[in-house]
Structure formats: structure tokens, C-alpha cells
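Novice: Structure file input.txt (compact mmCIF, C-alpha atoms (C1' of nucleotides)) right here:
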# COMPACT_ATOMS: atom_id res chain seq x y z
CA MET A 23 30.12 -19.92 -73.08
CA ASN A 24 26.44 -19.12 -73.33
CA LEU A 25 25.18 -22.49 -72.21
CA ARG A 26 21.44 -22.76 -71.61
CA PRO A 27 20.79 -26.45 -71.16
CA GLN A 28 17.15 -27.43 -71.48
CA PRO A 29 15.99 -30.50 -69.53
CA LEU A 30 15.02 -33.62 -71.43
CA PRO A 31 11.26 -34.28 -71.15
CA PHE A 32 9.72 -37.09 -69.16
CA SER A 33 8.92 -38.94 -72.40
CA PHE A 34 12.66 -39.36 -73.01
CA TYR A 35 12.85 -41.67 -70.02
CA LEU A 36 10.03 -43.94 -71.14
CA GLN A 37 12.22 -46.02 -73.46
CA ASP A 38 13.56 -49.38 -72.33
CA THR A 39 16.66 -49.32 -70.14
CA VAL A 40 19.20 -50.47 -72.72
CA SER A 41 17.94 -47.90 -75.20
CA LEU A 42 18.03 -45.26 -72.52
CA ALA A 43 21.61 -46.13 -71.61
CA ARG A 44 22.57 -45.49 -75.22
CA ALA A 45 20.36 -42.43 -75.60
CA LEU A 46 21.95 -40.78 -72.57
CA LEU A 47 25.31 -40.75 -74.34
CA GLY A 48 26.00 -37.27 -75.68
CA GLN A 49 23.50 -35.59 -73.37
CA LEU A 50 24.52 -33.04 -70.77
CA LEU A 51 24.53 -33.71 -67.05
CA CYS A 52 24.12 -30.35 -65.33
CA ARG A 53 24.58 -29.45 -61.70
CA ARG A 54 23.98 -26.08 -60.09
CA THR A 55 25.09 -25.11 -56.60
CA ALA A 56 25.76 -21.80 -54.87
CA GLU A 57 29.25 -22.03 -56.35
CA GLY A 58 27.93 -22.06 -59.90
CA LEU A 59 27.08 -24.35 -62.78
CA ALA A 60 29.07 -27.46 -63.60
CA ALA A 61 28.19 -29.63 -66.57
CA GLY A 62 29.61 -32.34 -68.76
CA ILE A 63 28.77 -34.56 -71.69
CA ILE A 64 27.77 -38.09 -70.71
CA VAL A 65 30.24 -40.31 -72.54
CA GLU A 66 29.86 -43.67 -70.75
CA THR A 67 26.91 -45.52 -69.18
CA GLU A 68 25.92 -48.96 -67.95
CA ALA A 69 22.48 -50.61 -67.94
CA TYR A 70 21.29 -52.63 -64.93
CA LEU A 71 18.23 -54.73 -65.65
CA SER A 72 15.45 -56.31 -63.62
CA LYS A 73 15.43 -59.63 -65.45
CA ASP A 74 18.30 -62.10 -65.62
CA ASP A 75 20.84 -59.65 -64.21
CA PRO A 76 22.32 -60.69 -60.84
CA ALA A 77 24.69 -57.71 -60.91
CA CYS A 78 21.75 -55.32 -60.58
CA HIS A 79 21.10 -53.89 -57.12
CA ALA A 80 17.43 -54.68 -57.59
CA ALA A 81 18.05 -58.37 -58.38
CA ARG A 82 16.85 -59.45 -54.93
CA GLY A 83 13.91 -57.13 -54.67
CA MET A 84 13.40 -53.73 -53.18
CA THR A 85 15.44 -52.59 -50.19
CA ARG A 86 15.81 -49.23 -48.53
CA ARG A 87 18.89 -48.48 -50.56
CA ASN A 88 17.60 -49.39 -54.01
CA ALA A 89 14.05 -48.07 -53.59
CA PRO A 90 14.49 -45.27 -56.17
CA MET A 91 15.10 -47.93 -58.84
CA PHE A 92 11.53 -49.08 -58.34
CA GLY A 93 10.08 -45.59 -58.57
CA PRO A 94 9.28 -43.56 -61.68
CA PRO A 95 11.92 -43.24 -64.43
CA GLY A 96 14.04 -40.14 -64.85
CA ARG A 97 15.02 -39.79 -61.22
CA ALA A 98 18.40 -39.93 -59.51
CA TYR A 99 19.49 -43.10 -57.74
CA VAL A 100 22.60 -42.28 -55.71
CA TYR A 101 24.36 -44.74 -53.46
CA PHE A 102 27.54 -44.82 -51.39
CA ILE A 103 30.15 -47.48 -52.09
CA TYR A 104 33.52 -48.67 -50.78
CA GLY A 105 33.43 -46.26 -47.88
CA ASN A 106 34.53 -43.40 -50.10
CA HIS A 107 32.51 -42.93 -53.21
CA TYR A 108 29.09 -42.08 -54.55
CA CYS A 109 27.64 -43.48 -57.75
CA PHE A 110 24.99 -41.69 -59.79
CA ASN A 111 22.29 -43.55 -61.72
CA VAL A 112 19.27 -42.57 -63.77
CA THR A 113 16.21 -44.64 -62.88
CA SER A 114 14.43 -46.29 -65.77
CA GLY A 115 11.73 -48.78 -66.58
CA PRO A 116 8.10 -48.57 -65.49
CA GLU A 117 7.29 -47.87 -61.86
CA GLY A 118 7.61 -51.07 -59.82
CA VAL A 119 10.37 -52.46 -62.07
CA GLY A 120 13.86 -52.07 -60.60
CA GLU A 121 16.14 -50.84 -63.37
CA ALA A 122 18.64 -48.01 -63.77
CA VAL A 123 21.47 -46.60 -65.86
CA LEU A 124 24.79 -45.92 -64.15
CA VAL A 125 26.54 -42.82 -65.48
CA ARG A 126 30.23 -43.69 -65.49
CA ALA A 127 32.04 -40.78 -67.12
CA LEU A 128 31.67 -37.17 -68.23
CA GLN A 129 33.55 -34.93 -70.60
CA PRO A 130 33.79 -31.69 -68.61
CA LEU A 131 32.20 -28.80 -70.47
CA GLU A 132 31.26 -26.04 -68.03
CA GLY A 133 32.55 -25.14 -64.58
CA VAL A 134 35.86 -26.89 -65.10
CA GLU A 135 37.66 -24.90 -62.41
CA LEU A 136 34.86 -25.70 -59.96
CA MET A 137 35.20 -29.40 -60.71
CA ARG A 138 38.94 -29.16 -60.25
CA ARG A 139 38.52 -27.55 -56.82
CA ARG A 140 36.13 -30.28 -55.72
CA ARG A 141 38.43 -33.02 -56.89
CA GLY A 142 41.09 -31.46 -54.73
CA ILE A 143 44.21 -32.04 -56.74
CA ALA A 144 45.74 -30.56 -59.83
CA LEU A 145 44.23 -32.78 -62.49
CA ASN A 146 44.12 -32.59 -66.22
CA LEU A 147 40.73 -32.41 -67.90
CA VAL A 148 40.60 -36.11 -68.67
CA ASN A 149 40.88 -37.20 -65.04
CA LEU A 150 38.23 -34.89 -63.58
CA ALA A 151 35.19 -37.09 -64.19
CA ASN A 152 36.25 -40.28 -65.99
CA GLY A 153 34.76 -42.65 -63.43
CA PRO A 154 31.48 -42.94 -61.49
CA GLY A 155 32.97 -41.86 -58.17
CA LYS A 156 34.99 -39.09 -59.79
CA LEU A 157 32.04 -37.50 -61.54
CA CYS A 158 29.99 -37.47 -58.35
CA ARG A 159 32.81 -35.71 -56.59
CA ALA A 160 33.29 -33.25 -59.43
CA LEU A 161 29.58 -32.35 -59.48
CA ASN A 162 29.06 -32.53 -55.72
CA ILE A 163 26.48 -35.31 -56.02
CA ASP A 164 25.62 -37.22 -52.85
CA THR A 165 22.68 -39.08 -51.37
CA SER A 166 20.85 -35.85 -50.56
CA LEU A 167 19.94 -35.94 -54.28
CA ASN A 168 18.59 -39.48 -54.12
CA GLY A 169 15.20 -39.62 -55.85
CA HIS A 170 15.58 -36.14 -57.36
CA ASP A 171 13.61 -35.50 -60.58
CA LEU A 172 16.21 -35.04 -63.31
CA ARG A 173 14.11 -32.49 -65.17
CA GLU A 174 14.67 -29.93 -62.43
CA GLU A 175 17.34 -27.86 -60.78
CA PRO A 176 19.75 -28.32 -59.16
CA LEU A 177 20.56 -31.51 -61.06
CA TRP A 178 19.21 -32.19 -64.52
CA ILE A 179 19.95 -33.81 -67.85
CA ALA A 180 19.73 -31.70 -71.01
CA THR A 181 20.24 -31.80 -74.75
CA GLY A 182 23.13 -30.02 -76.34
CA GLY A 183 25.96 -32.51 -76.72
CA PRO A 184 27.59 -33.67 -79.95
CA ALA A 185 25.27 -34.35 -82.87
CA HIS A 186 26.78 -37.54 -84.19
CA PHE A 187 29.06 -40.28 -82.87
CA ASP A 188 29.49 -44.04 -82.85
CA VAL A 189 28.58 -46.13 -79.81
CA VAL A 190 30.62 -49.06 -78.48
CA SER A 191 29.20 -51.79 -76.23
CA ALA A 192 31.42 -53.64 -73.76
CA PRO A 193 31.29 -55.63 -70.53
CA ARG A 194 30.43 -53.68 -67.39
CA ILE A 195 33.16 -52.79 -64.91
CA GLY A 196 33.68 -53.69 -61.27
CA ILE A 197 31.01 -56.36 -60.96
CA SER A 198 31.42 -59.99 -59.91
CA GLN A 199 28.35 -61.45 -61.61
CA ALA A 200 27.00 -61.35 -65.17
CA LYS A 201 30.38 -60.09 -66.31
CA GLU A 202 29.81 -61.30 -69.84
CA LYS A 203 26.85 -59.06 -70.63
CA LEU A 204 27.63 -56.19 -72.99
CA LEU A 205 25.65 -53.59 -71.08
CA ARG A 206 28.26 -50.86 -70.91
CA PHE A 207 28.07 -48.23 -73.62
CA TYR A 208 30.39 -45.41 -74.52
CA ILE A 209 31.18 -42.91 -77.23
CA LYS A 210 33.72 -44.42 -79.58
CA GLY A 211 37.05 -42.66 -79.63
CA ASN A 212 36.18 -40.35 -76.74
CA ASN A 213 39.14 -39.68 -74.46
CA TYR A 214 37.01 -39.16 -71.36
CA VAL A 215 35.75 -42.74 -71.14
CA SER A 216 36.97 -44.49 -67.97
CA ARG A 217 38.28 -47.56 -69.73
CA ARG A 218 38.28 -48.54 -73.39
CA ALA A 219 37.48 -52.11 -74.35
CA SER A 220 40.14 -54.21 -76.03
CA ILE A 221 37.64 -55.10 -78.73
CA GLU A 222 35.32 -52.23 -79.58
CA ARG A 223 31.97 -53.63 -80.69
CA ASN A 224 29.05 -51.76 -82.11
CA PRO A 225 25.90 -52.80 -80.23
CA GLY A 226 23.28 -54.80 -82.04
CA THR A 227 25.33 -55.52 -85.13
CA GLY A 228 27.25 -58.46 -83.66
CA ASP A 229 30.56 -57.38 -85.07
C1' DG B 1 24.12 -57.22 -33.09
C1' DG B 2 27.73 -59.04 -36.26
C1' DG B 3 29.98 -60.05 -40.51
C1' DA B 4 31.01 -59.74 -45.32
C1' DA B 5 30.80 -57.73 -49.76
C1' DG B 6 30.75 -53.88 -52.60
C1' DA B 7 28.49 -50.75 -60.06
C1' DT B 8 35.84 -47.23 -56.82
C1' DG B 9 39.97 -44.22 -56.58
C1' DT B 10 44.59 -43.62 -55.32
C1' DT B 11 49.06 -44.91 -54.41
C1' DC B 12 52.77 -47.81 -54.62
C1' DT B 13 55.81 -51.32 -56.87
C1' DG C 7 49.20 -54.51 -61.99
C1' DA C 8 48.12 -55.03 -57.15
C1' DA C 9 47.12 -53.56 -52.59
C1' DC C 10 44.29 -50.93 -49.57
C1' DA C 11 41.52 -47.32 -47.48
C1' DT C 12 36.88 -46.83 -45.69
C1' DC C 13 31.85 -47.45 -44.19
C1' DT C 14 27.10 -48.29 -45.60
C1' DT C 15 23.79 -51.68 -46.55
C1' DC C 16 21.94 -55.99 -46.21
C1' DC C 17 21.48 -60.59 -44.66
C1' DC C 18 21.97 -63.72 -41.11
C1' DT C 19 21.96 -65.16 -36.15
What is this structure when it is put down as C-alpha cells?
Specialist:
Amino acid sequence: MNLRPQPLPFSFYLQDTVSLARALLGQLLCRRTAEGLAAGIIVETEAYLSKDDPACHAARGMTRRNAPMFGPPGRAYVYFIYGNHYCFNVTSGPEGVGEAVLVRALQPLEGVELMRRRRGIALNLVNLANGPGKLCRALNIDTSLNGHDLREEPLWIATGGPAHFDVVSAPRIGISQAKEKLLRFYIKGNNYVSRRASIERNPGTGD
DNA sequence: GGGAAGATGTTCT
DNA sequence: GAACATCTTCCCT
């Protein structure tokens, strides 16, 4: 495949965090290492907000871990969790405001065999990157990329995904607070989403 | 310096 | 569906 992903411009990241979480769906997350290019379509995201959101890492102010959330938008915020896994976020909101979008699942598009090697076991396509820890493993993302500008190699976000699709909003996963907020977004009907909601709502329409 | 919780994945029942 | 591995970060003493 002659894939030449072009990075999204800085202006893309200037929208509010919920809008950004939705706008990131269908975009390409691209990762280049010495082993080659690996890329996938972002099919599931979650928004974490600075106001009225106790589940957000930035809810209690800036710490060493969450500092990238308070920096400029369009950067990587990577953290280690549960002793085993990394999670990849896109920073958002104006500088000084701690917000981010967690990327939860990818539809593998390029470098599938590379992803499979990194994941270690013989997996079908669906299970390569359908979870935040899985996609970090598949793309070899760790905290060395924390704060990285997502317009640049070796980790960037580009246009080139599907042209049209419906978006579903649902409760976020794995949190203990603010569980009721519908701040998870995914591409309706996509098989690479980590978990489908029992009721699939379209955001903003209330139905 | 210590303790508890955590934006998960895998395996087992 | 439930248990658990595993360890960093942060908050408290």
C-alpha cells in the first residue's frame, strides 16, 4: 500500500476537548521505528476534562505524571498503569488547562505483521489494538514519547481514514468516578472498538 | 518512607 | 464473569 500519511496541522488541535475526541475518530495514528511503519485508524477515544471531571488525571492539579496535560495541545501524554501497560493520550485544551483525549482502539492498517510480533502471540486482526494498553504495545509506545509533538516523526496523527461514519457516545471504561458521563466516542459498527455499548447513542442528539 | 489505588490485559472457571 | 499479575505515582505520615 502506498501510504503517505500527512500530519494534521496544529490548528486541528485547537478545538475543545470533546470535539477533538470526536474529530480524532477516523484519523490515522502512525508510528515509525527502525523496524518500519505501523499505523491504524483511530476508532475509539475518551475525553478527560478539566472541569467537573474527577476521573481526569488533572482533576487535582498538575503533578509530575500529568504535566503534559497542562502543556500545549497536540502532544503525547503517555503514562504507565497497572504495572504492565501504557496508555496513550492526545493533549488538548489551551496551555495551562489539564485536558486530554485517551486513544482506546485502532483498526490496524499498515505494519500488521510488525504489530503482531510486538504483541507476542498469534492474534487475529481485531485483537491487535482494541484496547489502550494493546495499541501502545502494538505501536511500541512508551513514556519515552511523553510530550512528543504529534505532528512529527516518529509518532504522528494524519488524515486518510474513512470519509464518512456515524459516531456513538457511551460511558468511559475502567474509571471509578464520573462513570455516568458519556465521554467515550467510537465509530458505530466498527469491529475494532474495545467494547460496544448496550445502547448506542448518537452524541448531542439525545436519542 | 509507606501504603493504596489505578483511564488494563490475560487467563481461568 | 471474576481473579490476578505487576509497579509507578501520589498522598500521607
Novice: Could you work out an axis-aligned box for chain B, taking every atom the file lists and adding 5 Å on each side, and report centre and edge lengths in Å to one decimal, as AutoDock Vina command-line options?
Specialist:
--center_x 40.0 --center_y -51.8 --center_z -46.6 --size_x 41.7 --size_y 26.4 --size_z 37.0
Novice: Do you know which residues are at most 12 Å from stretch 2-4 of chain B counting all atoms listed in the file, after dropping those on the same chain fewer than 3 positions away, and could you put them as a VMD selection string?
Specialist: chain C and resid 15 to 19
Novice: In Å, rounded to a single decimal, give me how far atom CA of A:Ile63 is from atom CA of A:Leu51.
Specialist: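 These atoms are spaced 6.3 Å apart.
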Novice: Produce a table with one row for each residue of chain A that has an atom at most 10 Å from any atom of chain C, each row naming the nearest atom pair and its distance in Å at one decimal; use all atoms listed in the file; arrange rows by chain and rising residue number; format as a Markdown table.
Specialist:
| residue | atom | partner | partner_atom | distance |
| --- | --- | --- | --- | --- |
| A:Thr85 | CA | C:DC16 | C1' | 8.3 |
| A:Arg86 | CA | C:DT15 | C1' | 8.6 |
| A:Arg87 | CA | C:DT15 | C1' | 7.1 |
| A:Asn88 | CA | C:DT15 | C1' | 10.0 |
| A:Tyr101 | CA | C:DT14 | C1' | 9.0 |
| A:Phe102 | CA | C:DT14 | C1' | 6.8 |
| A:Ile103 | CA | C:DT14 | C1' | 7.2 |
| A:Tyr104 | CA | C:DT12 | C1' | 6.4 |
| A:Gly105 | CA | C:DT12 | C1' | 4.1 |
| A:Asn106 | CA | C:DT12 | C1' | 6.1 |
| A:His107 | CA | C:DT12 | C1' | 9.5 |
Novice: Pull C-alpha atoms from the residues just selected and write them as an mmCIF file, keeping the file's coordinate frame.
Specialist:
data_model
loop_
_atom_site.group_PDB
_atom_site.id
_atom_site.type_symbol
_atom_site.label_atom_id
_atom_site.label_comp_id
_atom_site.auth_asym_id
_atom_site.auth_seq_id
_atom_site.Cartn_x
_atom_site.Cartn_y
_atom_site.Cartn_z
ATOM 1 C CA THR A 85 15.440 -52.590 -50.190
ATOM 2 C CA ARG A 86 15.810 -49.230 -48.530
ATOM 3 C CA ARG A 87 18.890 -48.480 -50.560
ATOM 4 C CA ASN A 88 17.600 -49.390 -54.010
ATOM 5 C CA TYR A 101 24.360 -44.740 -53.460
ATOM 6 C CA PHE A 102 27.540 -44.820 -51.390
ATOM 7 C CA ILE A 103 30.150 -47.480 -52.090
ATOM 8 C CA TYR A 104 33.520 -48.670 -50.780
ATOM 9 C CA GLY A 105 33.430 -46.260 -47.880
ATOM 10 C CA ASN A 106 34.530 -43.400 -50.100
ATOM 11 C CA HIS A 107 32.510 -42.930 -53.210
#
Novice: Give me, as a PyMOL selection string, all polymer residues having an atom no more than 10 Å from stretch 174-181 of chain A, counting only C-alpha atoms (C1' of nucleotides) and skipping those fewer than 4 positions away in the same chain.
Specialist: chain A and resi 26-31+46+48-56+59-64+96-98+112+161+163+167+170+185
Novice: With C-alpha atoms retained, write the just-selected residues as an mmCIF file, in the frame of the given file.
Specialist:
data_model
loop_
_atom_site.group_PDB
_atom_site.id
_atom_site.type_symbol
_atom_site.label_atom_id
_atom_site.label_comp_id
_atom_site.auth_asym_id
_atom_site.auth_seq_id
_atom_site.Cartn_x
_atom_site.Cartn_y
_atom_site.Cartn_z
ATOM 1 C CA ARG A 26 21.440 -22.760 -71.610
ATOM 2 C CA PRO A 27 20.790 -26.450 -71.160
ATOM 3 C CA GLN A 28 17.150 -27.430 -71.480
ATOM 4 C CA PRO A 29 15.990 -30.500 -69.530
ATOM 5 C CA LEU A 30 15.020 -33.620 -71.430
ATOM 6 C CA PRO A 31 11.260 -34.280 -71.150
ATOM 7 C CA LEU A 46 21.950 -40.780 -72.570
ATOM 8 C CA GLY A 48 26.000 -37.270 -75.680
ATOM 9 C CA GLN A 49 23.500 -35.590 -73.370
ATOM 10 C CA LEU A 50 24.520 -33.040 -70.770
ATOM 11 C CA LEU A 51 24.530 -33.710 -67.050
ATOM 12 C CA CYS A 52 24.120 -30.350 -65.330
ATOM 13 C CA ARG A 53 24.580 -29.450 -61.700
ATOM 14 C CA ARG A 54 23.980 -26.080 -60.090
ATOM 15 C CA THR A 55 25.090 -25.110 -56.600
ATOM 16 C CA ALA A 56 25.760 -21.800 -54.870
ATOM 17 C CA LEU A 59 27.080 -24.350 -62.780
ATOM 18 C CA ALA A 60 29.070 -27.460 -63.600
ATOM 19 C CA ALA A 61 28.190 -29.630 -66.570
ATOM 20 C CA GLY A 62 29.610 -32.340 -68.760
ATOM 21 C CA ILE A 63 28.770 -34.560 -71.690
ATOM 22 C CA ILE A 64 27.770 -38.090 -70.710
ATOM 23 C CA GLY A 96 14.040 -40.140 -64.850
ATOM 24 C CA ARG A 97 15.020 -39.790 -61.220
ATOM 25 C CA ALA A 98 18.400 -39.930 -59.510
ATOM 26 C CA VAL A 112 19.270 -42.570 -63.770
ATOM 27 C CA LEU A 161 29.580 -32.350 -59.480
ATOM 28 C CA ILE A 163 26.480 -35.310 -56.020
ATOM 29 C CA LEU A 167 19.940 -35.940 -54.280
ATOM 30 C CA HIS A 170 15.580 -36.140 -57.360
ATOM 31 C CA ALA A 185 25.270 -34.350 -82.870
#
Novice: For stretch 119-125 of chain A, list every protein, DNA or RNA residue within 10 Å, evaluated using only C-alpha atoms (C1' of nucleotides), and leave out those in the same chain fewer than 2 positions away; present the list as number ranges by chain.
Specialist: A: 38-40, 42-44, 46-47, 51, 64-73, 78-84, 88-100, 109-117, 127-128, 153-155, 157-158, 205-207; B: 7
Novice: Save out the residues we just selected, C-alpha atoms (C1' of nucleotides), as a PDB file, in the frame of the given file.
Specialist:
ATOM      1  CA  ASP A  38      13.560 -49.380 -72.330  1.00  0.00           C
ATOM      2  CA  THR A  39      16.660 -49.320 -70.140  1.00  0.00           C
ATOM      3  CA  VAL A  40      19.200 -50.470 -72.720  1.00  0.00           C
ATOM      4  CA  LEU A  42      18.030 -45.260 -72.520  1.00  0.00           C
ATOM      5  CA  ALA A  43      21.610 -46.130 -71.610  1.00  0.00           C
ATOM      6  CA  ARG A  44      22.570 -45.490 -75.220  1.00  0.00           C
ATOM      7  CA  LEU A  46      21.950 -40.780 -72.570  1.00  0.00           C
ATOM      8  CA  LEU A  47      25.310 -40.750 -74.340  1.00  0.00           C
ATOM      9  CA  LEU A  51      24.530 -33.710 -67.050  1.00  0.00           C
ATOM     10  CA  ILE A  64      27.770 -38.090 -70.710  1.00  0.00           C
ATOM     11  CA  VAL A  65      30.240 -40.310 -72.540  1.00  0.00           C
ATOM     12  CA  GLU A  66      29.860 -43.670 -70.750  1.00  0.00           C
ATOM     13  CA  THR A  67      26.910 -45.520 -69.180  1.00  0.00           C
ATOM     14  CA  GLU A  68      25.920 -48.960 -67.950  1.00  0.00           C
ATOM     15  CA  ALA A  69      22.480 -50.610 -67.940  1.00  0.00           C
ATOM     16  CA  TYR A  70      21.290 -52.630 -64.930  1.00  0.00           C
ATOM     17  CA  LEU A  71      18.230 -54.730 -65.650  1.00  0.00           C
ATOM     18  CA  SER A  72      15.450 -56.310 -63.620  1.00  0.00           C
ATOM     19  CA  LYS A  73      15.430 -59.630 -65.450  1.00  0.00           C
ATOM     20  CA  CYS A  78      21.750 -55.320 -60.580  1.00  0.00           C
ATOM     21  CA  HIS A  79      21.100 -53.890 -57.120  1.00  0.00           C
ATOM     22  CA  ALA A  80      17.430 -54.680 -57.590  1.00  0.00           C
ATOM     23  CA  ALA A  81      18.050 -58.370 -58.380  1.00  0.00           C
ATOM     24  CA  ARG A  82      16.850 -59.450 -54.930  1.00  0.00           C
ATOM     25  CA  GLY A  83      13.910 -57.130 -54.670  1.00  0.00           C
ATOM     26  CA  MET A  84      13.400 -53.730 -53.180  1.00  0.00           C
ATOM     27  CA  ASN A  88      17.600 -49.390 -54.010  1.00  0.00           C
ATOM     28  CA  ALA A  89      14.050 -48.070 -53.590  1.00  0.00           C
ATOM     29  CA  PRO A  90      14.490 -45.270 -56.170  1.00  0.00           C
ATOM     30  CA  MET A  91      15.100 -47.930 -58.840  1.00  0.00           C
ATOM     31  CA  PHE A  92      11.530 -49.080 -58.340  1.00  0.00           C
ATOM     32  CA  GLY A  93      10.080 -45.590 -58.570  1.00  0.00           C
ATOM     33  CA  PRO A  94       9.280 -43.560 -61.680  1.00  0.00           C
ATOM     34  CA  PRO A  95      11.920 -43.240 -64.430  1.00  0.00           C
ATOM     35  CA  GLY A  96      14.040 -40.140 -64.850  1.00  0.00           C
ATOM     36  CA  ARG A  97      15.020 -39.790 -61.220  1.00  0.00           C
ATOM     37  CA  ALA A  98      18.400 -39.930 -59.510  1.00  0.00           C
ATOM     38  CA  TYR A  99      19.490 -43.100 -57.740  1.00  0.00           C
ATOM     39  CA  VAL A 100      22.600 -42.280 -55.710  1.00  0.00           C
ATOM     40  CA  CYS A 109      27.640 -43.480 -57.750  1.00  0.00           C
ATOM     41  CA  PHE A 110      24.990 -41.690 -59.790  1.00  0.00           C
ATOM     42  CA  ASN A 111      22.290 -43.550 -61.720  1.00  0.00           C
ATOM     43  CA  VAL A 112      19.270 -42.570 -63.770  1.00  0.00           C
ATOM     44  CA  THR A 113      16.210 -44.640 -62.880  1.00  0.00           C
ATOM     45  CA  SER A 114      14.430 -46.290 -65.770  1.00  0.00           C
ATOM     46  CA  GLY A 115      11.730 -48.780 -66.580  1.00  0.00           C
ATOM     47  CA  PRO A 116       8.100 -48.570 -65.490  1.00  0.00           C
ATOM     48  CA  GLU A 117       7.290 -47.870 -61.860  1.00  0.00           C
ATOM     49  CA  ALA A 127      32.040 -40.780 -67.120  1.00  0.00           C
ATOM     50  CA  LEU A 128      31.670 -37.170 -68.230  1.00  0.00           C
ATOM     51  CA  GLY A 153      34.760 -42.650 -63.430  1.00  0.00           C
ATOM     52  CA  PRO A 154      31.480 -42.940 -61.490  1.00  0.00           C
ATOM     53  CA  GLY A 155      32.970 -41.860 -58.170  1.00  0.00           C
ATOM     54  CA  LEU A 157      32.040 -37.500 -61.540  1.00  0.00           C
ATOM     55  CA  CYS A 158      29.990 -37.470 -58.350  1.00  0.00           C
ATOM     56  CA  LEU A 205      25.650 -53.590 -71.080  1.00  0.00           C
ATOM     57  CA  ARG A 206      28.260 -50.860 -70.910  1.00  0.00           C
ATOM     58  CA  PHE A 207      28.070 -48.230 -73.620  1.00  0.00           C
TER      59      PHE A 207
ATOM     60  C1'  DA B   7      28.490 -50.750 -60.060  1.00  0.00           C
TER      61       DA B   7
END
Novice: May I ask which of the residues A:Pro130, A:Leu145, A:Asn152, A:Ser191 is the closest one to A:Tyr214, counting all atoms listed in the file?
Specialist: A:Asn152
Novice: With all atoms listed in the file as the counted atoms, please give the residues lying no more than 12 Å from A:Ser220, apart from itself and same-chain residues fewer than 2 positions off, as a short mmCIF file (atom, residue, chain, number, x, y, z; two decimals) with C-alpha atoms, keeping the file's coordinate frame.
Specialist:
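Result file follows (part29.cif):
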data_model
loop_
_atom_site.label_atom_id
_atom_site.label_comp_id
_atom_site.auth_asym_id
_atom_site.auth_seq_id
_atom_site.Cartn_x
_atom_site.Cartn_y
_atom_site.Cartn_z
CA VAL A 190 30.62 -49.06 -78.48
CA SER A 191 29.20 -51.79 -76.23
CA ALA A 192 31.42 -53.64 -73.76
CA PRO A 193 31.29 -55.63 -70.53
CA ARG A 217 38.28 -47.56 -69.73
CA ARG A 218 38.28 -48.54 -73.39
CA GLU A 222 35.32 -52.23 -79.58
CA ARG A 223 31.97 -53.63 -80.69
#
Novice: Tell me which of A:Ala200, A:Leu150, A:Ala45, A:Ile195 sits closest to A:Pro76, counting only C-alpha atoms.
Specialist: A:Ala200
Novice: Please measure the separation of atom CA of A:Gly118 and atom CA of A:Asn168, giving the value in Å to one decimal.
Specialist: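 Computing it gives 17.0 Å between the two atoms.
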Novice: Please find the residues of chain B near chain A - the criterion being any atom within 8 Å, counting all atoms listed in the file - and write them as an mmCIF file with C-alpha atoms (C1' of nucleotides), keeping the file's coordinate frame.
Specialist:
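Everything below was put into selection_22.cif:
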data_model
loop_
_atom_site.group_PDB
_atom_site.id
_atom_site.type_symbol
_atom_site.label_atom_id
_atom_site.label_comp_id
_atom_site.auth_asym_id
_atom_site.auth_seq_id
_atom_site.Cartn_x
_atom_site.Cartn_y
_atom_site.Cartn_z
ATOM 1 C "C1'" DG B 6 30.750 -53.880 -52.600
ATOM 2 C "C1'" DA B 7 28.490 -50.750 -60.060
ATOM 3 C "C1'" DT B 8 35.840 -47.230 -56.820
ATOM 4 C "C1'" DG B 9 39.970 -44.220 -56.580
#
Novice: Just give me the residues with any atom within 7 Å of (42.1, -35.1, -70.2), file coordinates, counting all atoms listed in the file, written as a list in words.
Specialist: Asn146, Leu147, Val148, Asn149, Asn213 and Tyr214 of chain A
Novice: Between atom CA of A:Lys203 and atom CA of A:Ser216, what is the distance, to one decimal in Å?
Specialist: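 Distance between the two atoms: 17.9 Å.
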Novice: Dump N, CA, C and O atoms (P, O5', C5', C4', C3', O3' and C1' of nucleotides) of stretch 2-12 of chain B from the given block, as a compact mmCIF listing (two decimals), in the first residue's frame.
Specialist:
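So the final result, stored in selection.txt, reads:
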# COMPACT_ATOMS: atom_id res chain seq x y z
P DG B 2 9.63 1.90 54.55
O5' DG B 2 8.05 2.06 54.55
C5' DG B 2 7.39 2.58 55.69
C4' DG B 2 5.91 2.73 55.41
C3' DG B 2 5.31 1.55 54.66
O3' DG B 2 4.03 1.26 55.18
C1' DG B 2 4.95 3.52 53.43
P DG B 3 3.37 -0.18 54.96
O5' DG B 3 1.96 0.24 54.37
C5' DG B 3 1.27 1.36 54.92
C4' DG B 3 0.29 1.89 53.89
C3' DG B 3 -0.41 0.79 53.10
O3' DG B 3 -1.80 1.02 53.11
C1' DG B 3 0.52 2.39 51.62
P DA B 4 -2.83 -0.18 52.80
O5' DA B 4 -3.76 0.54 51.74
C5' DA B 4 -3.98 1.95 51.81
C4' DA B 4 -4.30 2.48 50.43
C3' DA B 4 -5.10 1.50 49.58
O3' DA B 4 -6.21 2.16 49.04
C1' DA B 4 -3.19 2.25 48.39
P DA B 5 -7.39 1.35 48.34
O5' DA B 5 -7.44 2.12 46.95
C5' DA B 5 -7.15 3.51 46.91
C4' DA B 5 -6.74 3.90 45.51
C3' DA B 5 -7.58 3.23 44.42
O3' DA B 5 -7.96 4.23 43.50
C1' DA B 5 -5.27 2.87 44.02
P DG B 6 -8.97 3.84 42.32
O5' DG B 6 -7.96 3.84 41.08
C5' DG B 6 -7.12 4.96 40.86
C4' DG B 6 -6.18 4.65 39.70
C3' DG B 6 -6.88 3.97 38.51
O3' DG B 6 -6.34 4.48 37.31
C1' DG B 6 -5.09 2.64 39.24
P DA B 7 -7.05 5.64 36.50
O5' DA B 7 -7.47 4.95 35.14
C5' DA B 7 -8.66 4.20 35.01
C4' DA B 7 -8.96 3.97 33.54
C3' DA B 7 -7.82 3.37 32.74
O3' DA B 7 -8.35 2.67 31.61
C1' DA B 7 -8.19 5.57 32.01
P DT B 8 -8.67 1.07 31.83
O5' DT B 8 -7.22 0.43 31.99
C5' DT B 8 -6.22 0.58 30.98
C4' DT B 8 -5.57 -0.74 30.64
C3' DT B 8 -6.43 -1.65 29.75
O3' DT B 8 -5.60 -2.08 28.68
C1' DT B 8 -5.71 -2.84 31.66
P DG B 9 -6.14 -3.03 27.51
O5' DG B 9 -5.53 -4.44 27.88
C5' DG B 9 -4.13 -4.52 28.06
C4' DG B 9 -3.70 -5.95 28.32
C3' DG B 9 -4.33 -6.98 27.40
O3' DG B 9 -3.31 -7.91 27.04
C1' DG B 9 -4.87 -7.47 29.66
P DT B 10 -3.62 -9.16 26.11
O5' DT B 10 -3.72 -10.37 27.13
C5' DT B 10 -2.66 -10.54 28.06
C4' DT B 10 -2.96 -11.67 29.00
C3' DT B 10 -3.56 -12.91 28.32
O3' DT B 10 -2.73 -14.01 28.66
C1' DT B 10 -4.87 -12.27 30.20
P DT B 11 -3.02 -15.47 28.04
O5' DT B 11 -3.58 -16.25 29.31
C5' DT B 11 -3.03 -15.98 30.58
C4' DT B 11 -3.90 -16.60 31.66
C3' DT B 11 -4.53 -17.94 31.25
O3' DT B 11 -4.41 -18.87 32.30
C1' DT B 11 -6.20 -16.45 31.98
P DC B 12 -4.66 -20.45 32.05
O5' DC B 12 -5.78 -20.76 33.13
C5' DC B 12 -5.70 -20.18 34.43
C4' DC B 12 -7.08 -20.08 35.03
C3' DC B 12 -7.93 -21.34 34.79
O3' DC B 12 -8.37 -21.88 36.02
C1' DC B 12 -9.13 -19.37 34.25
